[in-house]
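Novice: The structure follows.
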Amino acid sequence: NLPRLAYAQTQESTISAIRLALDYLEIENHTEPSNSGIPQTETSTGRNIIPDWLILLVLISKASTQHLERTIDCVLEHSNKASSLHSHYLVLLRLYTMFPLRMTLGESRLRHALLEASYDYHRPWLEW
């Protein structure tokens, strides 16, 4: 079992930490150059350079299935308001590759996001 982290002790602190990480994703998308629309962290050259905001999302998601579900819900909710929809889809794809058996694919928005991300970024992932 993972130790109880401060950001994962209450629902409010968990959601705040997730939203903070997603805000950093937005900032990164607006400040870093991308390779034909793909954030630098998802190109074949930058694949193993994981940004801090993604590490935070992974740690939160790793805490429990409920935390993973909360992360997915926040990412989907944030993607509706965000200008970088595909980056949010990539976050979901990353989480799916890490926790495939813990993600419930019953929600159509999640399935759509995973299909979009895998379709849009299959070439860079294959080049890795």
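Ordering of the structure tokens sets the chain letters (A, B, ...); residue numbers start at 1 within each chain; ligands are numbered from 1 in the order shown.
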Using DSSP secondary structure from the backbone, list all helix (DSSP H, G or I) positions within region 50-122 of chain A, as a VMD selection string.

Specialist: chain A and resid 52 to 63 65 to 81 85 to 98 108 to 120 122

Novice: Would you save the residues of that selection, restricted to C-alpha atoms, as a PDB file, in the first residue's frame?

Specialist:
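For reference, result.pdb as written:
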```
ATOM      1  CA  ASP A  52       5.929  17.218 -12.789  1.00  0.00           C
ATOM      2  CA  TRP A  53       2.213  17.769 -13.371  1.00  0.00           C
ATOM      3  CA  LEU A  54       1.921  14.322 -14.975  1.00  0.00           C
ATOM      4  CA  ILE A  55       3.840  12.711 -12.122  1.00  0.00           C
ATOM      5  CA  LEU A  56       1.364  14.288  -9.710  1.00  0.00           C
ATOM      6  CA  LEU A  57      -1.601  12.922 -11.698  1.00  0.00           C
ATOM      7  CA  VAL A  58      -0.031   9.455 -11.764  1.00  0.00           C
ATOM      8  CA  LEU A  59       0.632   9.495  -8.011  1.00  0.00           C
ATOM      9  CA  ILE A  60      -2.929  10.553  -7.288  1.00  0.00           C
ATOM     10  CA  SER A  61      -4.309   7.911  -9.649  1.00  0.00           C
ATOM     11  CA  LYS A  62      -2.103   5.248  -8.119  1.00  0.00           C
ATOM     12  CA  ALA A  63      -3.530   5.822  -4.626  1.00  0.00           C
ATOM     13  CA  THR A  65      -9.368   3.089  -7.905  1.00  0.00           C
ATOM     14  CA  GLN A  66     -11.515   5.917  -6.552  1.00  0.00           C
ATOM     15  CA  HIS A  67      -8.632   8.359  -7.003  1.00  0.00           C
ATOM     16  CA  LEU A  68      -8.122   7.136 -10.569  1.00  0.00           C
ATOM     17  CA  GLU A  69     -11.818   7.620 -11.301  1.00  0.00           C
ATOM     18  CA  ARG A  70     -11.721  11.093  -9.776  1.00  0.00           C
ATOM     19  CA  THR A  71      -8.681  11.953 -11.926  1.00  0.00           C
ATOM     20  CA  ILE A  72     -10.458  10.735 -15.069  1.00  0.00           C
ATOM     21  CA  ASP A  73     -13.572  12.736 -14.227  1.00  0.00           C
ATOM     22  CA  CYS A  74     -11.538  15.905 -13.633  1.00  0.00           C
ATOM     23  CA  VAL A  75      -9.540  15.467 -16.848  1.00  0.00           C
ATOM     24  CA  LEU A  76     -12.710  14.969 -18.875  1.00  0.00           C
ATOM     25  CA  GLU A  77     -14.380  17.950 -17.190  1.00  0.00           C
ATOM     26  CA  HIS A  78     -11.297  20.134 -17.690  1.00  0.00           C
ATOM     27  CA  SER A  79     -10.992  19.075 -21.344  1.00  0.00           C
ATOM     28  CA  ASN A  80     -14.409  20.625 -22.042  1.00  0.00           C
ATOM     29  CA  LYS A  81     -13.061  24.026 -20.980  1.00  0.00           C
ATOM     30  CA  LEU A  85      -8.275  19.000 -25.858  1.00  0.00           C
ATOM     31  CA  HIS A  86      -5.858  16.476 -27.338  1.00  0.00           C
ATOM     32  CA  SER A  87      -3.337  16.989 -24.536  1.00  0.00           C
ATOM     33  CA  HIS A  88      -6.033  16.016 -22.060  1.00  0.00           C
ATOM     34  CA  TYR A  89      -6.797  12.955 -24.147  1.00  0.00           C
ATOM     35  CA  LEU A  90      -3.105  12.049 -24.032  1.00  0.00           C
ATOM     36  CA  VAL A  91      -3.189  12.233 -20.242  1.00  0.00           C
ATOM     37  CA  LEU A  92      -6.042   9.731 -20.253  1.00  0.00           C
ATOM     38  CA  LEU A  93      -4.148   7.490 -22.671  1.00  0.00           C
ATOM     39  CA  ARG A  94      -1.080   7.620 -20.418  1.00  0.00           C
ATOM     40  CA  LEU A  95      -3.202   6.678 -17.414  1.00  0.00           C
ATOM     41  CA  TYR A  96      -4.790   3.855 -19.397  1.00  0.00           C
ATOM     42  CA  THR A  97      -1.400   2.427 -20.332  1.00  0.00           C
ATOM     43  CA  MET A  98      -0.423   2.482 -16.660  1.00  0.00           C
ATOM     44  CA  SER A 108     -18.543   6.904 -23.764  1.00  0.00           C
ATOM     45  CA  ARG A 109     -16.568  10.166 -23.306  1.00  0.00           C
ATOM     46  CA  LEU A 110     -13.626   8.187 -21.923  1.00  0.00           C
ATOM     47  CA  ARG A 111     -13.738   5.642 -24.730  1.00  0.00           C
ATOM     48  CA  HIS A 112     -13.929   8.463 -27.284  1.00  0.00           C
ATOM     49  CA  ALA A 113     -10.973  10.267 -25.669  1.00  0.00           C
ATOM     50  CA  LEU A 114      -8.834   7.119 -25.669  1.00  0.00           C
ATOM     51  CA  LEU A 115      -9.682   6.356 -29.300  1.00  0.00           C
ATOM     52  CA  GLU A 116      -8.937   9.939 -30.367  1.00  0.00           C
ATOM     53  CA  ALA A 117      -5.598   9.982 -28.542  1.00  0.00           C
ATOM     54  CA  SER A 118      -4.531   6.612 -29.903  1.00  0.00           C
ATOM     55  CA  TYR A 119      -5.543   7.579 -33.427  1.00  0.00           C
ATOM     56  CA  ASP A 120      -3.907  11.014 -33.376  1.00  0.00           C
ATOM     57  CA  HIS A 122      -0.113   6.343 -32.931  1.00  0.00           C
TER      58      HIS A 122
END
```

Novice: Do you have the CA of Ser64 (chain A)-CA of Arg102 (chain A) distance handy?

Specialist: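 Between CA of Ser64 (chain A) and CA of Arg102 (chain A) the gap works out to 9.0 Å.
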
Novice: To one decimal place in Å, what is the distance between CA of Pro51 (chain A) and CA of Ile18 (chain A)?

Specialist: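 According to the coordinates, CA of Pro51 (chain A) and CA of Ile18 (chain A) are separated by 14.0 Å.
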
Novice: Any idea what the distance is between CA of Ala21 (chain A) and CA of Ile49 (chain A)?

Specialist: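 Computing it gives 16.1 Å between the two atoms.
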